[in-house]
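Visitor: Contents are mmCIF, C-alpha atoms; file name upload_5.cif:
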```
data_input
loop_
_atom_site.label_atom_id
_atom_site.label_comp_id
_atom_site.auth_asym_id
_atom_site.auth_seq_id
_atom_site.Cartn_x
_atom_site.Cartn_y
_atom_site.Cartn_z
CA MET A 21 41.39 10.04 -89.50
CA ARG A 22 44.92 8.83 -90.20
CA MET A 23 45.24 5.06 -90.23
CA PHE A 24 48.47 3.26 -89.36
CA ASP A 25 49.60 -0.33 -89.88
CA LEU A 26 49.03 -2.77 -87.04
CA GLY A 27 52.49 -4.24 -87.46
CA GLN A 28 52.61 -6.64 -90.40
CA THR A 29 49.09 -7.98 -89.86
CA GLY A 30 47.55 -6.16 -92.83
CA LEU A 31 45.11 -4.42 -90.47
CA LYS A 32 44.85 -0.64 -90.24
CA VAL A 33 44.14 1.13 -86.96
CA SER A 34 43.35 4.72 -86.11
CA GLU A 35 46.13 6.95 -84.82
CA LEU A 36 44.24 7.20 -81.53
CA CYS A 37 43.18 4.17 -79.50
CA LEU A 38 40.52 4.24 -76.80
CA GLY A 39 41.99 3.10 -73.50
CA THR A 40 39.63 1.63 -70.93
CA MET A 41 41.58 1.13 -67.72
CA THR A 42 39.22 3.31 -65.66
CA TYR A 43 36.04 1.55 -66.75
CA GLY A 44 34.41 0.29 -63.57
CA THR A 45 36.20 2.51 -61.06
CA GLN A 46 36.50 6.16 -62.08
CA THR A 47 34.30 5.72 -65.16
CA SER A 48 30.73 4.45 -64.92
CA GLU A 49 29.34 1.88 -67.33
CA ALA A 50 26.96 4.39 -68.88
CA ASP A 51 29.78 6.84 -69.49
CA ALA A 52 32.03 4.09 -70.86
CA HIS A 53 29.39 3.07 -73.38
CA GLN A 54 28.99 6.70 -74.47
CA GLN A 55 32.75 6.89 -74.99
CA ILE A 56 32.73 3.84 -77.25
CA ASP A 57 29.83 5.26 -79.26
CA LEU A 58 31.52 8.64 -79.67
CA CYS A 59 34.87 7.15 -80.67
CA LEU A 60 33.39 4.85 -83.30
CA SER A 61 31.33 7.68 -84.74
CA ASN A 62 34.59 9.66 -85.09
CA ASN A 63 36.35 6.82 -86.92
CA ILE A 64 38.46 5.63 -84.00
CA ASN A 65 38.49 1.88 -84.68
CA PHE A 66 40.85 0.70 -81.95
CA ILE A 67 39.94 -0.23 -78.34
CA ASP A 68 42.43 -1.48 -75.76
CA THR A 69 41.71 -3.20 -72.46
CA ALA A 70 43.15 -5.90 -70.17
CA GLU A 71 41.93 -8.71 -67.98
CA MET A 72 43.27 -6.94 -64.87
CA TYR A 73 41.45 -3.63 -65.51
CA PRO A 74 40.20 -1.38 -64.03
CA VAL A 75 43.00 0.36 -62.14
CA ASN A 76 42.98 3.31 -59.76
CA PRO A 77 42.88 1.22 -57.69
CA ILE A 78 43.53 -2.41 -58.68
CA SER A 79 41.57 -4.80 -56.48
CA ALA A 80 40.45 -8.40 -56.42
CA GLU A 81 36.83 -7.24 -56.51
CA THR A 82 37.20 -5.26 -59.73
CA VAL A 83 39.50 -7.50 -61.83
CA GLY A 84 37.81 -8.12 -65.19
CA ARG A 85 35.21 -5.40 -64.76
CA SER A 86 36.46 -3.25 -67.66
CA GLU A 87 36.17 -6.20 -70.05
CA GLU A 88 32.69 -6.92 -68.74
CA ILE A 89 31.59 -3.34 -69.38
CA ILE A 90 32.92 -3.48 -72.93
CA GLY A 91 31.29 -6.88 -73.34
CA ARG A 92 27.87 -5.57 -72.47
CA TRP A 93 28.30 -2.84 -75.08
CA ILE A 94 29.32 -5.46 -77.67
CA SER A 95 26.35 -7.62 -76.75
CA ALA A 96 24.01 -4.69 -77.33
CA ASN A 97 25.75 -3.69 -80.59
CA LYS A 98 26.64 -6.99 -82.24
CA SER A 99 26.50 -5.60 -85.77
CA GLN A 100 29.36 -3.22 -84.98
CA ARG A 101 31.87 -5.83 -83.76
CA SER A 102 33.59 -6.02 -87.15
CA ASN A 103 33.98 -2.23 -87.28
CA PHE A 104 36.77 -2.02 -84.71
CA ILE A 105 39.98 -3.72 -83.59
CA LEU A 106 39.78 -5.05 -80.04
CA ALA A 107 42.93 -5.60 -77.98
CA THR A 108 43.28 -7.09 -74.53
CA LYS A 109 46.09 -8.42 -72.34
CA HIS A 110 47.16 -11.44 -70.30
CA SER A 111 48.53 -10.28 -66.92
CA GLY A 112 52.15 -11.06 -66.14
CA LYS A 113 53.89 -12.56 -63.14
CA GLY A 114 53.34 -11.10 -59.71
CA LEU A 115 49.82 -9.65 -59.83
CA SER A 116 48.27 -11.42 -56.87
CA HIS A 117 44.69 -10.60 -57.89
CA VAL A 118 45.00 -12.62 -61.13
CA ARG A 119 45.82 -16.34 -60.88
CA ASN A 120 47.55 -15.67 -57.55
CA GLY A 121 50.42 -13.97 -59.34
CA ALA A 122 51.22 -16.89 -61.66
CA PRO A 123 53.53 -16.14 -64.61
CA ILE A 124 52.48 -16.32 -68.25
CA THR A 125 52.91 -19.94 -69.38
CA LYS A 126 51.48 -22.44 -71.83
CA ASP A 127 49.17 -23.54 -69.00
CA THR A 128 47.65 -20.09 -68.31
CA ILE A 129 47.00 -18.81 -71.81
CA GLN A 130 43.95 -20.85 -72.77
CA ASP A 131 42.03 -20.07 -69.58
CA ALA A 132 43.04 -16.40 -69.77
CA VAL A 133 41.91 -16.10 -73.40
CA GLU A 134 38.62 -17.87 -72.72
CA GLY A 135 38.01 -15.70 -69.66
CA SER A 136 38.50 -12.55 -71.70
CA LEU A 137 36.28 -13.83 -74.51
CA LYS A 138 33.52 -14.58 -72.03
CA ARG A 139 33.73 -11.18 -70.34
CA LEU A 140 34.00 -9.33 -73.65
CA LYS A 141 31.09 -11.30 -75.13
CA THR A 142 32.92 -11.70 -78.42
CA ASP A 143 33.99 -14.67 -80.51
CA TYR A 144 37.50 -13.38 -81.15
CA ILE A 145 40.19 -11.00 -79.90
CA ASP A 146 41.98 -9.07 -82.64
CA LEU A 147 45.19 -8.40 -80.70
CA TYR A 148 46.16 -10.50 -77.69
CA GLN A 149 49.02 -9.01 -75.67
CA PHE A 150 51.27 -10.19 -72.85
CA HIS A 151 51.02 -7.36 -70.31
CA TRP A 152 54.60 -7.55 -69.01
CA PRO A 153 57.34 -10.17 -69.21
CA ASN A 154 57.77 -12.81 -66.53
CA ARG A 155 61.40 -11.81 -66.12
CA GLY A 156 60.45 -8.27 -65.10
CA SER A 157 60.55 -4.97 -66.95
CA TYR A 158 62.39 -1.66 -66.82
CA MET A 159 59.07 0.09 -67.42
CA PHE A 160 56.87 1.54 -64.64
CA ARG A 161 59.84 3.77 -63.71
CA GLN A 162 62.01 0.77 -62.86
CA ASN A 163 64.79 1.59 -65.35
CA TRP A 164 67.13 3.02 -62.70
CA LYS A 165 67.29 -0.28 -60.83
CA TYR A 166 66.57 -2.79 -63.59
CA ASP A 167 68.86 -5.81 -63.11
CA PRO A 168 68.70 -8.64 -65.68
CA SER A 169 71.70 -10.44 -64.22
CA LYS A 170 69.56 -13.05 -62.46
CA GLN A 171 67.68 -14.07 -65.59
CA ASP A 172 67.96 -17.62 -66.87
CA LYS A 173 68.21 -17.26 -70.66
CA LYS A 174 67.51 -20.92 -71.38
CA SER A 175 64.29 -21.05 -69.37
CA THR A 176 63.20 -17.65 -70.73
CA LEU A 177 63.51 -18.83 -74.33
CA GLU A 178 61.82 -22.15 -73.56
CA ASN A 179 58.89 -20.30 -72.02
CA MET A 180 58.65 -17.97 -75.03
CA TYR A 181 58.57 -20.90 -77.44
CA GLU A 182 55.92 -22.77 -75.42
CA CYS A 183 53.77 -19.64 -75.21
CA LEU A 184 53.99 -19.09 -78.97
CA VAL A 185 52.95 -22.70 -79.63
CA THR A 186 49.96 -22.22 -77.35
CA LEU A 187 49.07 -18.93 -79.03
CA GLN A 188 49.17 -20.69 -82.39
CA ASP A 189 46.58 -23.13 -81.06
CA GLN A 190 44.39 -20.16 -80.06
CA VAL A 191 44.77 -18.71 -83.55
CA LYS A 192 43.71 -22.03 -85.09
CA LYS A 193 40.65 -22.10 -82.84
CA GLY A 194 39.74 -18.60 -83.99
CA ASN A 195 39.96 -17.18 -80.47
CA ILE A 196 42.67 -14.66 -81.30
CA ARG A 197 43.91 -13.14 -84.57
CA HIS A 198 47.24 -11.50 -83.70
CA PHE A 199 49.80 -11.27 -80.91
CA GLY A 200 51.43 -8.29 -79.20
CA LEU A 201 53.72 -7.46 -76.30
CA SER A 202 53.65 -4.80 -73.61
CA ASN A 203 56.31 -3.30 -71.35
CA GLU A 204 58.94 -5.23 -73.27
CA SER A 205 62.61 -4.64 -74.05
CA ALA A 206 64.49 -4.77 -77.35
CA TRP A 207 66.18 -8.06 -76.37
CA GLY A 208 62.88 -9.65 -75.41
CA THR A 209 61.07 -8.51 -78.54
CA ALA A 210 63.93 -9.63 -80.78
CA ASN A 211 63.79 -13.12 -79.32
CA TRP A 212 60.01 -13.38 -79.65
CA LEU A 213 60.49 -12.44 -83.32
CA LYS A 214 63.35 -14.89 -83.82
CA LEU A 215 61.40 -17.81 -82.37
CA SER A 216 58.27 -17.03 -84.38
CA GLU A 217 60.26 -16.89 -87.61
CA GLN A 218 62.24 -20.07 -86.85
CA HIS A 219 59.14 -22.10 -86.07
CA ASN A 220 56.42 -20.38 -88.13
CA LEU A 221 54.55 -19.25 -85.03
CA PRO A 222 52.54 -16.05 -84.32
CA ARG A 223 54.64 -12.96 -84.97
CA VAL A 224 54.78 -9.95 -82.68
CA ALA A 225 52.66 -7.22 -84.26
CA THR A 226 52.96 -4.45 -81.68
CA ILE A 227 54.58 -3.37 -78.43
CA GLN A 228 52.55 -1.40 -75.91
CA ASN A 229 55.04 0.63 -73.89
CA GLU A 230 54.84 3.96 -72.11
CA TYR A 231 55.79 6.84 -74.40
CA SER A 232 55.29 10.57 -74.18
CA LEU A 233 57.18 13.86 -74.20
CA LEU A 234 58.20 12.95 -70.64
CA CYS A 235 59.09 9.31 -71.28
CA ARG A 236 61.18 8.72 -74.40
CA LEU A 237 62.95 5.47 -73.56
CA TYR A 238 61.54 4.00 -76.77
CA ASP A 239 63.63 6.40 -78.85
CA THR A 240 66.72 4.22 -78.47
CA ASP A 241 67.03 0.50 -79.33
CA LEU A 242 63.30 -0.20 -79.54
CA ALA A 243 62.84 2.53 -82.16
CA GLU A 244 65.35 0.80 -84.44
CA LEU A 245 63.76 -2.60 -83.85
CA SER A 246 60.27 -1.22 -84.52
CA VAL A 247 61.13 0.32 -87.85
CA ASN A 248 63.32 -2.51 -89.17
CA GLU A 249 61.07 -5.35 -88.01
CA GLY A 250 57.68 -3.80 -88.69
CA VAL A 251 56.54 -3.85 -85.06
CA GLY A 252 54.49 -0.77 -84.19
CA LEU A 253 54.39 1.08 -80.89
CA MET A 254 51.10 1.38 -79.05
CA ALA A 255 51.98 4.30 -76.78
CA PHE A 256 50.33 4.29 -73.39
CA SER A 257 50.23 7.39 -71.17
CA PRO A 258 50.95 9.78 -74.08
CA LEU A 259 49.79 12.57 -71.75
CA ALA A 260 51.99 11.28 -68.90
CA ALA A 261 48.99 10.46 -66.70
CA GLY A 262 47.68 13.98 -67.27
CA LEU A 263 50.87 15.86 -66.35
CA LEU A 264 51.29 17.20 -69.88
CA THR A 265 47.92 18.95 -69.71
CA GLY A 266 49.34 21.20 -67.00
CA LYS A 267 46.40 20.56 -64.72
CA TYR A 268 48.57 19.38 -61.83
CA LEU A 269 50.98 22.32 -61.72
CA ASP A 270 51.31 24.43 -58.56
CA GLY A 271 49.91 21.64 -56.43
CA ASN A 272 46.51 21.56 -58.15
CA VAL A 273 44.50 18.36 -57.72
CA PRO A 274 41.34 18.64 -59.85
CA LYS A 275 38.12 16.94 -58.80
CA ASN A 276 37.85 13.30 -59.94
CA SER A 277 41.46 13.31 -61.17
CA ARG A 278 43.84 10.36 -60.88
CA LYS A 279 46.02 12.26 -58.42
CA LEU A 280 43.29 12.04 -55.80
CA ILE A 281 43.84 8.27 -55.87
CA ASN A 282 47.54 8.14 -56.76
CA ASN A 283 49.33 11.07 -55.14
CA ASP A 284 52.57 11.06 -57.17
CA LEU A 285 51.07 9.42 -60.28
CA SER A 286 53.22 6.32 -59.73
CA GLY A 287 56.43 8.33 -59.54
CA ARG A 288 55.75 10.54 -62.56
CA ASP A 289 55.01 13.71 -60.59
CA ASN A 290 58.28 15.14 -59.30
CA THR A 291 60.41 18.27 -59.51
CA ARG A 292 62.11 17.16 -62.75
CA SER A 293 58.86 16.46 -64.55
CA GLU A 294 57.41 19.78 -63.37
CA VAL A 295 60.27 21.69 -65.03
CA ALA A 296 59.79 19.76 -68.27
CA VAL A 297 56.01 20.22 -68.26
CA ARG A 298 56.37 23.99 -67.92
CA SER A 299 58.74 23.99 -70.90
CA TYR A 300 56.33 22.03 -73.08
CA LEU A 301 53.44 24.26 -72.02
CA SER A 302 55.43 27.29 -73.17
CA ILE A 303 55.92 25.66 -76.58
CA ALA A 304 52.20 25.01 -76.85
CA GLU A 305 51.49 28.64 -75.96
CA LYS A 306 54.03 29.90 -78.53
CA PHE A 307 52.24 28.02 -81.32
CA GLY A 308 48.73 28.75 -80.06
CA ILE A 309 47.67 25.16 -79.42
CA GLN A 310 46.44 23.33 -76.36
CA PRO A 311 49.03 21.30 -74.43
CA ILE A 312 47.03 18.09 -74.88
CA HIS A 313 47.10 18.63 -78.65
CA LEU A 314 50.86 19.22 -78.62
CA ALA A 315 51.46 15.95 -76.80
CA LEU A 316 49.21 13.81 -78.99
CA ALA A 317 50.15 15.42 -82.31
CA TRP A 318 53.84 14.95 -81.48
CA CYS A 319 53.34 11.21 -80.89
CA ARG A 320 51.89 10.91 -84.38
CA THR A 321 55.13 12.23 -85.90
CA ARG A 322 57.27 9.41 -84.52
CA PRO A 323 58.47 6.95 -87.18
CA PHE A 324 57.58 3.82 -85.21
CA MET A 325 54.08 4.80 -84.08
CA CYS A 326 51.11 2.49 -84.48
CA SER A 327 48.61 4.26 -82.21
CA SER A 328 48.46 6.44 -79.10
CA ILE A 329 46.23 5.13 -76.32
CA PHE A 330 44.24 7.81 -74.53
CA GLY A 331 41.93 7.42 -71.59
CA ALA A 332 39.09 9.61 -70.41
CA THR A 333 37.44 9.31 -67.02
CA SER A 334 34.45 11.12 -68.49
CA VAL A 335 32.99 11.33 -71.99
CA ASP A 336 33.07 15.12 -71.59
CA GLN A 337 36.85 14.97 -72.04
CA LEU A 338 36.69 13.28 -75.43
CA PRO A 339 35.88 16.26 -77.69
CA VAL A 340 39.08 18.04 -76.67
CA ILE A 341 41.12 14.88 -77.25
CA LEU A 342 39.55 14.38 -80.67
CA GLU A 343 40.47 17.93 -81.69
CA SER A 344 44.12 16.85 -81.65
CA LEU A 345 43.45 15.04 -84.93
CA ASP A 346 43.30 18.41 -86.69
CA ILE A 347 46.67 19.61 -85.35
CA ASP A 348 49.93 19.34 -87.29
CA LEU A 349 53.24 20.45 -85.80
CA ASN A 350 55.66 22.34 -88.03
CA ASP A 351 59.43 21.86 -88.11
CA GLU A 352 60.07 24.82 -85.83
CA CYS A 353 57.79 23.35 -83.18
CA LEU A 354 59.38 19.91 -83.48
CA ASP A 355 62.87 21.42 -83.19
CA LEU A 356 61.86 23.24 -80.00
CA ILE A 357 60.46 20.00 -78.57
CA ASN A 358 63.75 18.24 -79.23
CA GLU A 359 65.75 21.08 -77.70
CA THR A 360 63.53 20.94 -74.61
CA HIS A 361 64.05 17.20 -74.40
CA LYS A 362 67.83 17.64 -74.48
CA LEU A 363 67.58 19.96 -71.48
CA ASN A 364 65.07 17.75 -69.65
CA PRO A 365 65.87 14.15 -70.67
CA MET A 366 63.70 11.38 -69.25
CA PRO A 367 62.55 13.39 -66.22
CA TYR A 368 60.92 10.37 -64.60
#
```
Write out the structure in this file as structure tokens.

Guide:
Amino acid sequence: MRMFDLGQTGLKVSELCLGTMTYGTQTSEADAHQQIDLCLSNNINFIDTAEMYPVNPISAETVGRSEEIIGRWISANKSQRSNFILATKHSGKGLSHVRNGAPITKDTIQDAVEGSLKRLKTDYIDLYQFHWPNRGSYMFRQNWKYDPSKQDKKSTLENMYECLVTLQDQVKKGNIRHFGLSNESAWGTANWLKLSEQHNLPRVATIQNEYSLLCRLYDTDLAELSVNEGVGLMAFSPLAAGLLTGKYLDGNVPKNSRKLINNDLSGRDNTRSEVAVRSYLSIAEKFGIQPIHLALAWCRTRPFMCSSIFGATSVDQLPVILESLDIDLNDECLDLINETHKLNPMPY
């Protein structure tokens, strides 16, 4: 298992991270616990969740359930808590099911952290992330209409500073160890870093943004920031919600798949992405590897990568995912991927 730096924290995490956003909806508790067991036994030491999970769908009745399922596993396996890095997230502004859509502020952080600790049945959270910025995000396929012109820079920076001070208090209490962002921009991350360095406050360790062969927004300004500032990418949806497996081509909707719940996969499934997927499948066929292995092995080659977050609705899917660890892509394959990307840029 290749281990990558968790930013500048000194911690090492596995190149694959177990995502848990289906725990409690599509994935049963028994299956979720089997997934954790199997991942740890295969040296995957990184688990990611969020207070708002599960999704597919998101509902008031299920908020926090994924953390609770993980917490019951931790409670039954207390001796293993130190064997893995646990990450969770504080929901951002606008999610009505959590704090009535309140933004992330100095007043919400303590209760949110303590709520996660209680559900997770753990004394500490290794990586505490802000799920999306209060000012909005170009992620979630919002880049075409992203408009920062109504932002108030002064209030944004004041909020960032206050949140960092509150996070420092949580670090001192031992509730959290490190701090990360999610769905952030280069400008936002740079200012979090600037404030932490000016005031000796918790430093951004990671950014969890969407990244895959079909979504390469990170390749621009954030790539440069990541490498120069030592902030690693935690890539979510490295398989583009399953599109890169090819299972949805020609109108196929497999049993128990996400597409049964989310018809267009939140805007990912369209004519442009279908063309790109077929191209990547042809590359996988040329080199005699499975499409899922092409997608995950490619993520590993990126210079800013910390870990790729994968999710499995069933433990039966995990062995195939784990086989990607044995796949290395040669220069010819990587060149073909880049040529395909030039012809099919950012198909979302």

Visitor: Work out how far CA of Gly112 (chain A) is from CA of Gln149 (chain A), in Å to one decimal.

Guide: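 Between these atoms lies a distance of 10.2 Å.
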
Visitor: I'd like to know which of A:Arg92, A:His219, A:Arg320, A:Arg119 is closest to Leu137 (chain A), using all atoms listed in the file.

Guide: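 The closest residue to Leu137 (chain A) is A:Arg92.
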
Visitor: Neighbours of region 288-296 of chain A within 7 Å (all atoms listed in the file; same-chain residues fewer than 3 positions away dropped), as a PDB file with C-alpha atoms, in the coordinates of the input?

Guide:
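Contents of the output file around15.pdb:
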```pdb
ATOM      1  CA  ASP A 284      52.570  11.060 -57.170  1.00  0.00           C
ATOM      2  CA  LEU A 285      51.070   9.420 -60.280  1.00  0.00           C
ATOM      3  CA  SER A 299      58.740  23.990 -70.900  1.00  0.00           C
ATOM      4  CA  TYR A 300      56.330  22.030 -73.080  1.00  0.00           C
ATOM      5  CA  ASN A 364      65.070  17.750 -69.650  1.00  0.00           C
ATOM      6  CA  PRO A 367      62.550  13.390 -66.220  1.00  0.00           C
ATOM      7  CA  TYR A 368      60.920  10.370 -64.600  1.00  0.00           C
TER       8      TYR A 368
END
```

Visitor: Once the PyMOL selection byres ((chain A and resi 259-264) around 7) has been evaluated on this model, what residues remain selected, and can you format them as a list in words?

Guide: Ser232, Leu234, Ser257, Pro258, Thr265, Gly266, Lys267, Tyr268, Leu285, Val297, Pro311, Ile312 and Ala315 of chain A

Visitor: Please tell me which residues are no farther than 8 Å from (39.8, 8.5, -66.2) in the file, counting only C-alpha atoms, and write them as an NGL selection string.

Guide: :A and (41-43 or 46-47 or 277-278 or 331-334)

Visitor: Hey, can you check how far CA of Phe66 (chain A) sits from CA of Glu134 (chain A)?

Guide: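 It comes out at 20.9 Å.
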
Visitor: In terms of the shortest atom-to-atom distance over all atoms listed in the file, which of A:Val118, A:Ala243, A:Ala70, A:Ile64 is closest to Ile227 (chain A)?

Guide: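 Ranked by minimum distance to Ile227 (chain A), first place goes to A:Ala243.
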
Visitor: Could you please determine the separation between CA of Ile90 (chain A) and CA of Cys235 (chain A) in Å, to one decimal place?

Guide: 29.2 Å
